[in-house]
file entry_28.cif (mmCIF, C-alpha atoms and all ligand atoms)
data_input
loop_
_atom_site.label_atom_id
_atom_site.label_comp_id
_atom_site.auth_asym_id
_atom_site.auth_seq_id
_atom_site.Cartn_x
_atom_site.Cartn_y
_atom_site.Cartn_z
CA MET A 1 93.82 39.07 85.04
CA HIS A 2 94.63 36.38 87.64
CA GLN A 3 98.33 35.49 87.68
CA THR A 4 99.68 32.32 89.30
CA PRO A 5 102.66 33.22 91.52
CA LYS A 6 105.88 31.53 90.39
CA LEU A 7 107.26 29.02 92.89
CA SER A 8 110.92 29.45 93.75
CA LEU A 9 112.32 26.69 95.93
CA LEU A 10 115.69 25.33 96.93
CA ILE A 11 116.87 21.97 98.29
CA GLU A 12 120.11 22.14 100.23
CA SER A 13 122.02 20.36 103.00
CA TRP A 14 120.68 20.93 106.50
CA THR A 15 122.77 23.27 108.67
CA VAL A 16 122.28 24.62 112.19
CA GLU A 17 121.05 27.88 110.65
CA HIS A 18 117.92 26.16 109.32
CA ASP A 19 114.73 26.68 111.28
CA ALA A 20 112.32 23.81 111.88
CA SER A 21 110.53 25.38 114.85
CA GLN A 22 107.29 25.96 112.91
CA PHE A 23 107.36 22.67 110.95
CA THR A 24 103.96 20.94 110.80
CA SER A 25 103.14 17.34 109.87
CA ASN A 26 100.30 14.90 110.39
CA LEU A 27 102.96 12.37 111.36
CA ALA A 28 104.45 13.16 114.79
CA SER A 29 107.73 11.33 114.06
CA ILE A 30 108.37 13.48 110.98
CA LYS A 31 108.03 16.69 112.97
CA LYS A 32 110.02 15.34 115.92
CA TYR A 33 112.89 14.15 113.72
CA ILE A 34 113.56 17.49 112.02
CA GLN A 35 113.11 19.46 115.25
CA GLU A 36 114.99 17.20 117.65
CA GLN A 37 117.05 14.50 115.95
CA ALA A 38 118.38 15.80 112.62
CA HIS A 39 121.13 17.85 114.28
CA ARG A 40 122.59 14.81 116.06
CA ASP A 41 122.31 12.57 112.99
CA VAL A 42 124.06 15.09 110.75
CA SER A 43 126.82 16.01 113.20
CA SER A 44 127.63 12.32 113.80
CA TYR A 45 127.48 11.55 110.04
CA THR A 46 124.75 8.98 110.77
CA SER A 47 122.47 10.50 108.13
CA SER A 48 122.55 13.39 105.72
CA VAL A 49 119.53 15.65 105.77
CA PHE A 50 118.39 17.80 102.84
CA VAL A 51 115.91 20.58 103.34
CA LEU A 52 113.48 22.42 101.11
CA THR A 53 113.45 26.18 101.59
CA GLU A 54 112.63 29.36 99.76
CA PRO A 55 115.81 31.07 98.47
CA GLY A 56 117.13 33.55 101.03
CA ASP A 57 115.07 32.00 103.81
CA LYS A 58 116.14 29.32 106.29
CA VAL A 59 112.67 28.09 107.26
CA ILE A 60 112.36 24.36 106.50
CA ARG A 61 109.37 23.57 104.26
CA GLY A 62 110.17 19.91 103.68
CA TYR A 63 113.06 17.51 104.06
CA TYR A 64 114.45 14.03 103.56
CA SER A 65 117.30 12.06 105.12
CA LEU A 66 119.71 9.59 103.57
CA SER A 67 122.00 7.00 105.12
CA SER A 68 123.47 3.69 104.08
CA LEU A 69 122.28 0.17 104.84
CA SER A 70 122.47 -3.34 103.47
CA ILE A 71 119.65 -5.72 102.63
CA VAL A 72 119.78 -9.51 102.87
CA PHE A 73 120.01 -10.67 99.27
CA ASN A 74 117.51 -13.51 99.74
CA GLU A 75 114.85 -11.05 100.87
CA LEU A 76 114.88 -9.27 97.51
CA PRO A 77 112.23 -10.14 94.92
CA GLU A 78 113.47 -12.77 92.47
CA LYS A 79 113.12 -10.32 89.60
CA VAL A 80 115.60 -8.01 91.34
CA GLN A 81 117.92 -10.86 92.42
CA ARG A 82 118.36 -11.94 88.80
CA LYS A 83 119.87 -8.57 87.91
CA LEU A 84 122.34 -8.40 90.80
CA PRO A 85 125.56 -10.20 91.78
CA ARG A 86 124.83 -12.86 94.41
CA TYR A 87 126.56 -11.42 97.48
CA PRO A 88 124.86 -12.36 100.81
CA GLU A 89 124.02 -8.69 101.36
CA CYS A 90 123.07 -6.03 98.86
CA SER A 91 124.19 -2.40 99.30
CA GLY A 92 121.53 0.28 99.58
CA ILE A 93 120.78 3.89 100.47
CA LEU A 94 118.02 4.36 103.02
CA LEU A 95 115.68 7.29 102.60
CA GLY A 96 114.92 7.31 106.30
CA ARG A 97 112.49 10.22 106.49
CA LEU A 98 110.60 12.31 103.99
CA GLY A 99 108.22 15.02 105.03
CA VAL A 100 106.52 18.12 103.75
CA ASP A 101 105.44 21.02 105.98
CA ARG A 102 101.68 20.45 105.89
CA ASP A 103 100.64 24.06 106.57
CA TYR A 104 103.10 25.48 104.02
CA SER A 105 101.92 23.04 101.36
CA GLN A 106 98.31 23.98 102.13
CA LYS A 107 99.14 27.70 101.94
CA LEU A 108 100.80 27.28 98.53
CA ARG A 109 97.82 25.30 97.33
CA GLU A 110 95.44 28.06 98.34
CA GLU A 111 97.64 30.77 96.81
CA THR A 112 98.26 29.02 93.47
CA GLY A 113 95.06 26.99 93.14
CA SER A 114 97.02 23.81 92.47
CA ARG A 115 98.95 21.12 94.38
CA PRO A 116 102.55 22.25 94.95
CA ARG A 117 103.65 18.56 94.80
CA LEU A 118 106.43 19.12 97.30
CA GLY A 119 106.59 15.40 98.21
CA ALA A 120 107.10 14.40 94.59
CA LEU A 121 109.75 17.13 94.23
CA LEU A 122 111.67 15.92 97.29
CA LEU A 123 111.47 12.27 96.22
CA ALA A 124 112.77 13.11 92.74
CA ASP A 125 115.59 15.19 94.23
CA ALA A 126 116.55 12.31 96.55
CA GLN A 127 116.72 9.90 93.62
CA ILE A 128 118.88 12.25 91.53
CA ARG A 129 121.16 12.83 94.52
CA CYS A 130 121.52 9.07 95.05
CA LEU A 131 122.43 8.61 91.40
CA LYS A 132 125.23 11.17 91.76
CA THR A 133 126.43 9.52 94.98
CA VAL A 134 126.67 6.02 93.52
CA ARG A 135 129.25 7.21 91.01
CA ASP A 136 131.63 7.47 94.02
CA ILE A 137 130.25 4.83 96.40
CA GLY A 138 128.21 2.07 94.82
CA SER A 139 124.74 1.22 96.08
CA ALA A 140 122.34 -1.03 94.24
CA LEU A 141 119.07 0.01 95.87
CA LEU A 142 117.15 2.95 97.23
CA VAL A 143 115.20 1.73 100.26
CA ILE A 144 112.35 3.38 102.18
CA ASP A 145 110.55 2.28 105.34
CA ALA A 146 107.04 3.61 104.90
CA GLU A 147 105.75 4.47 108.35
CA MET A 148 102.09 3.72 108.95
CA PRO A 149 100.37 6.60 110.76
CA SER A 150 98.73 5.66 114.07
CA ASP A 151 94.91 5.45 114.26
CA GLU A 152 94.91 8.83 115.97
CA GLU A 153 97.09 10.36 113.24
CA GLN A 154 94.85 8.90 110.55
CA LYS A 155 91.82 10.43 112.25
CA ASN A 156 93.64 13.75 112.00
CA GLY A 157 94.24 13.41 108.27
CA ALA A 158 97.50 11.41 107.98
CA ARG A 159 97.55 8.94 105.08
CA ASP A 160 99.45 5.71 104.59
CA PRO A 161 102.46 6.76 102.42
CA LEU A 162 102.83 3.31 100.76
CA PRO A 163 100.64 4.20 97.73
CA PHE A 164 102.65 7.42 97.31
CA TYR A 165 105.88 5.42 96.99
CA ALA A 166 104.20 2.81 94.77
CA LYS A 167 103.19 5.61 92.41
CA TYR A 168 106.89 6.42 91.90
CA GLY A 169 108.01 2.85 91.22
CA PHE A 170 108.90 1.56 94.69
CA THR A 171 107.90 -2.04 95.43
CA PRO A 172 107.49 -3.71 98.84
CA LEU A 173 109.65 -6.59 100.11
CA ALA A 174 107.62 -9.73 100.86
CA ALA A 175 109.43 -10.25 104.19
CA HIS A 176 108.92 -6.62 105.27
CA PRO A 177 105.80 -5.27 103.57
CA ARG A 178 106.36 -1.71 104.88
CA ARG A 179 109.84 -1.60 103.33
CA VAL A 180 109.88 -0.54 99.69
CA ILE A 181 112.77 -0.61 97.24
CA LYS A 182 113.73 0.69 93.82
CA THR A 183 116.88 -0.40 92.04
CA MET A 184 119.49 2.20 91.21
CA ARG A 185 119.37 0.82 87.70
CA ALA A 186 115.67 1.73 87.44
CA ILE A 187 116.37 5.19 88.87
CA ALA A 188 119.23 5.70 86.38
CA GLU A 189 116.92 4.72 83.55
CA GLU A 190 114.16 7.05 84.75
CA PHE A 191 116.42 10.07 85.25
CA LYS A 192 118.90 9.42 82.42
CA SER A 193 118.09 12.67 80.65
CA ILE A 194 119.06 14.74 83.71
C1 LIG A 201 103.91 11.63 101.99
C2 LIG A 201 104.22 13.07 101.62
C3 LIG A 201 105.73 13.32 101.68
C4 LIG A 201 103.70 13.34 100.20
O1 LIG A 201 103.95 14.68 99.88
P1 LIG A 201 102.83 15.58 99.17
O2 LIG A 201 103.43 16.90 98.88
O3 LIG A 201 101.61 15.53 100.00
O4 LIG A 201 102.58 14.76 97.85
P2 LIG A 201 102.47 15.34 96.35
O5 LIG A 201 101.48 16.43 96.31
O6 LIG A 201 103.81 15.62 95.82
O7 LIG A 201 101.86 14.06 95.66
C5 LIG A 201 102.30 13.55 94.43
C6 LIG A 201 101.30 12.51 94.03
O8 LIG A 201 101.22 11.48 95.03
C7 LIG A 201 99.88 11.38 95.53
N1 LIG A 201 99.96 11.13 96.97
C8 LIG A 201 100.48 11.92 97.92
N2 LIG A 201 100.40 11.32 99.12
C9 LIG A 201 99.79 10.14 98.90
C10 LIG A 201 99.43 9.06 99.73
N3 LIG A 201 99.68 9.05 101.04
N4 LIG A 201 98.83 8.00 99.16
C11 LIG A 201 98.58 7.97 97.83
N5 LIG A 201 98.92 8.95 96.98
C12 LIG A 201 99.52 10.02 97.52
C13 LIG A 201 99.24 12.72 95.21
O9 LIG A 201 97.83 12.60 95.11
C14 LIG A 201 99.86 13.07 93.89
O10 LIG A 201 99.22 12.29 92.89
P3 LIG A 201 98.88 12.89 91.42
O11 LIG A 201 100.22 12.95 90.71
O12 LIG A 201 97.99 11.87 90.83
O13 LIG A 201 98.28 14.22 91.63
C15 LIG A 201 103.50 14.11 102.57
O14 LIG A 201 102.12 13.92 102.48
C16 LIG A 201 103.93 14.02 104.02
O15 LIG A 201 104.82 14.74 104.46
N6 LIG A 201 103.24 13.14 104.78
C17 LIG A 201 103.51 12.98 106.19
C18 LIG A 201 104.82 12.31 106.41
C19 LIG A 201 104.92 10.96 105.75
O16 LIG A 201 103.98 10.17 105.72
N7 LIG A 201 106.13 10.68 105.26
C20 LIG A 201 106.48 9.41 104.72
C21 LIG A 201 106.85 8.54 105.87
S1 LIG A 201 107.97 7.30 105.37
#

call {"tool": "encode", "arguments": {"input": "entry_28.cif", "output": "structure tokens"}}
result
Amino acid sequence: MHQTPKLSLLIESWTVEHDASQFTSNLASIKKYIQEQAHRDVSSYTSSVFVLTEPGDKVIRGYYSLSSLSIVFNELPEKVQRKLPRYPECSGILLGRLGVDRDYSQKLREETGSRPRLGALLLADAQIRCLKTVRDIGSALLVIDAEMPSDEEQKNGARDPLPFYAKYGFTPLAAHPRRVIKTMRAIAEEFKSI
């Protein structure tokens, strides 16, 4: 009888012991960040980076980064403005990068016969982590800048990530159509049972 292998995965804070040397992505910036920039961002407290690994293994299979930012209040959709206090700037957490190791995801897919959905897993983990963080330091929004792959990257299989974020309730700002937001209130509502 065919048995589907059970997936065992862990998401933890990046440390120097983690290994990104084999990380693959259709988006060059996603690969470059985890291999060359994450160390500096974490050690300077510019961003926090969380990595997806298999328990007992330090090879990075996916990651995301979080830092803080503020958004000009007037640039928020009216629907969002109505639910927030009218300060000139609105506090937010920026999910700066999110990436899945393409070859690893493909390997899991072949082994299990189904999508491992690592991107969805990382995005959910980021939202839950943000919810925990805002109990200590308030932040009204989760913000993502959805990077458009270059023509060359698209030819090699990269897809625009905007529809991926839209699927999980993120909406674009009119003034910056590649910047998507979700209110912490909406995230709290969605993950209230956790
Ligand atoms: C974007 C990314 C993180 C998504 O991760 P993933 O593991 O491929 O996505 P999942 O398998 O978890 O997808 C979950 C759902 O979103 C959909 N989806 C994934 N990527 C999508 C995209 N670019 N556009 C539309 N839908 C997408 C999937 O079809 C799936 O839908 P379903 O629930 O109907 O089956 C991953 O493809 C990646 O690392 N891309 C390169 C880097 C990148 O673009 N990062 C974002 C830059 S800001």

call {"tool": "closest_residue", "arguments": {"input": "entry_28.cif", "among": "A:Phe191, A:Phe50, A:Tyr45, A:Tyr64", "to": "Leu98 of chain A", "atoms": "only C-alpha atoms"}}
result
A:Tyr64

call {"tool": "residues_near_ligand", "arguments": {"input": "entry_28.cif", "ligand": "ligand LIG 201 (chain A)", "cutoff": "6 Å", "atoms": "only C-alpha atoms and all ligand atoms", "output": "PyMOL selection string"}}
result
chain A and resi 25-27+30+97-100+115+117-120+145-147+159-161+163-164

call {"tool": "residues_near_point", "arguments": {"input": "entry_28.cif", "point": "(107.7, 25.4, 104.2)", "cutoff": "12 Å", "atoms": "only C-alpha atoms", "output": "number ranges by chain"}}
result
A: 7-11, 18-25, 51-55, 57-63, 99-108, 116, 118-119

call {"tool": "residues_around", "arguments": {"input": "entry_28.cif", "residues": "segment 69-80 of chain A", "least_positions_apart": "6", "cutoff": "10 Å", "atoms": "all atoms listed in the file", "output": "compact mmCIF listing (two decimals) with C-alpha atoms, keeping the file's coordinate frame"}}
result
# COMPACT_ATOMS: atom_id res chain seq x y z
CA ARG A 86 124.83 -12.86 94.41
CA TYR A 87 126.56 -11.42 97.48
CA PRO A 88 124.86 -12.36 100.81
CA GLU A 89 124.02 -8.69 101.36
CA CYS A 90 123.07 -6.03 98.86
CA SER A 91 124.19 -2.40 99.30
CA GLY A 92 121.53 0.28 99.58
CA ILE A 93 120.78 3.89 100.47
CA LEU A 94 118.02 4.36 103.02
CA LEU A 95 115.68 7.29 102.60
CA SER A 139 124.74 1.22 96.08
CA ALA A 140 122.34 -1.03 94.24
CA LEU A 141 119.07 0.01 95.87
CA LEU A 142 117.15 2.95 97.23
CA VAL A 143 115.20 1.73 100.26
CA THR A 171 107.90 -2.04 95.43
CA PRO A 172 107.49 -3.71 98.84
CA LEU A 173 109.65 -6.59 100.11
CA ALA A 174 107.62 -9.73 100.86
CA ALA A 175 109.43 -10.25 104.19
CA HIS A 176 108.92 -6.62 105.27
CA ILE A 181 112.77 -0.61 97.24
CA LYS A 182 113.73 0.69 93.82
CA THR A 183 116.88 -0.40 92.04

call {"tool": "atom_distance", "arguments": {"input": "entry_28.cif", "atom1": "atom CA of Gln81 of chain A", "atom2": "atom CA of Pro177 of chain A"}}
result
17.4 Å

call {"tool": "atom_distance", "arguments": {"input": "entry_28.cif", "atom1": "atom CA of Asp136 of chain A", "atom2": "atom CA of Glu189 of chain A"}}
result
18.3 Å

call {"tool": "atom_distance", "arguments": {"input": "entry_28.cif", "atom1": "atom CA of Ala186 of chain A", "atom2": "atom CA of Ser47 of chain A"}}
result
23.5 Å

call {"tool": "closest_residue", "arguments": {"input": "entry_28.cif", "among": "A:Thr46, A:Gln154, A:Tyr165, A:Arg179", "to": "Ala124 of chain A", "atoms": "only C-alpha atoms"}}
result
A:Tyr165

call {"tool": "closest_residue", "arguments": {"input": "entry_28.cif", "among": "A:Ser44, A:Glu17, A:Gly96, A:Arg135", "to": "Met184 of chain A", "atoms": "only C-alpha atoms"}}
result
A:Arg135

call {"tool": "closest_residue", "arguments": {"input": "entry_28.cif", "among": "A:Ile128, A:Met148, A:Val134, A:Leu123", "to": "Phe170 of chain A", "atoms": "all atoms listed in the file"}}
result
A:Leu123

call {"tool": "build_atoms", "arguments": {"input": "entry_28.cif", "residues": "segment 155-170 of chain A", "atoms": "N, CA and C atoms", "output": "tab-separated table (two decimals), in the frame of the given file"}}
result
chain	number	residue	atom	x	y	z
A	155	LYS	N	93.05	9.66	111.97
A	155	LYS	CA	91.82	10.43	112.25
A	155	LYS	C	92.05	11.91	111.99
A	156	ASN	N	93.32	12.34	112.20
A	156	ASN	CA	93.64	13.75	112.00
A	156	ASN	C	94.13	14.05	110.59
A	157	GLY	N	93.95	13.11	109.68
A	157	GLY	CA	94.24	13.41	108.27
A	157	GLY	C	95.48	12.76	107.69
A	158	ALA	N	96.29	12.05	108.52
A	158	ALA	CA	97.50	11.41	107.98
A	158	ALA	C	97.09	10.23	107.09
A	159	ARG	N	97.85	10.04	106.00
A	159	ARG	CA	97.55	8.94	105.08
A	159	ARG	C	98.73	7.97	105.04
A	160	ASP	N	98.41	6.71	104.78
A	160	ASP	CA	99.45	5.71	104.59
A	160	ASP	C	100.31	6.14	103.39
A	161	PRO	N	101.64	6.29	103.55
A	161	PRO	CA	102.46	6.76	102.42
A	161	PRO	C	102.81	5.66	101.41
A	162	LEU	N	102.46	4.39	101.70
A	162	LEU	CA	102.83	3.31	100.76
A	162	LEU	C	102.36	3.57	99.33
A	163	PRO	N	101.09	3.95	99.11
A	163	PRO	CA	100.64	4.20	97.73
A	163	PRO	C	101.39	5.35	97.06
A	164	PHE	N	101.85	6.31	97.87
A	164	PHE	CA	102.65	7.42	97.31
A	164	PHE	C	103.94	6.86	96.73
A	165	TYR	N	104.62	5.98	97.48
A	165	TYR	CA	105.88	5.42	96.99
A	165	TYR	C	105.63	4.47	95.81
A	166	ALA	N	104.53	3.74	95.87
A	166	ALA	CA	104.20	2.81	94.77
A	166	ALA	C	104.04	3.59	93.46
A	167	LYS	N	103.43	4.75	93.59
A	167	LYS	CA	103.19	5.61	92.41
A	167	LYS	C	104.51	5.95	91.70
A	168	TYR	N	105.59	6.05	92.48
A	168	TYR	CA	106.89	6.42	91.90
A	168	TYR	C	107.82	5.21	91.74
A	169	GLY	N	107.23	4.02	91.64
A	169	GLY	CA	108.01	2.85	91.22
A	169	GLY	C	108.68	2.07	92.34
A	170	PHE	N	108.31	2.32	93.59
A	170	PHE	CA	108.90	1.56	94.69
A	170	PHE	C	108.02	0.34	94.98
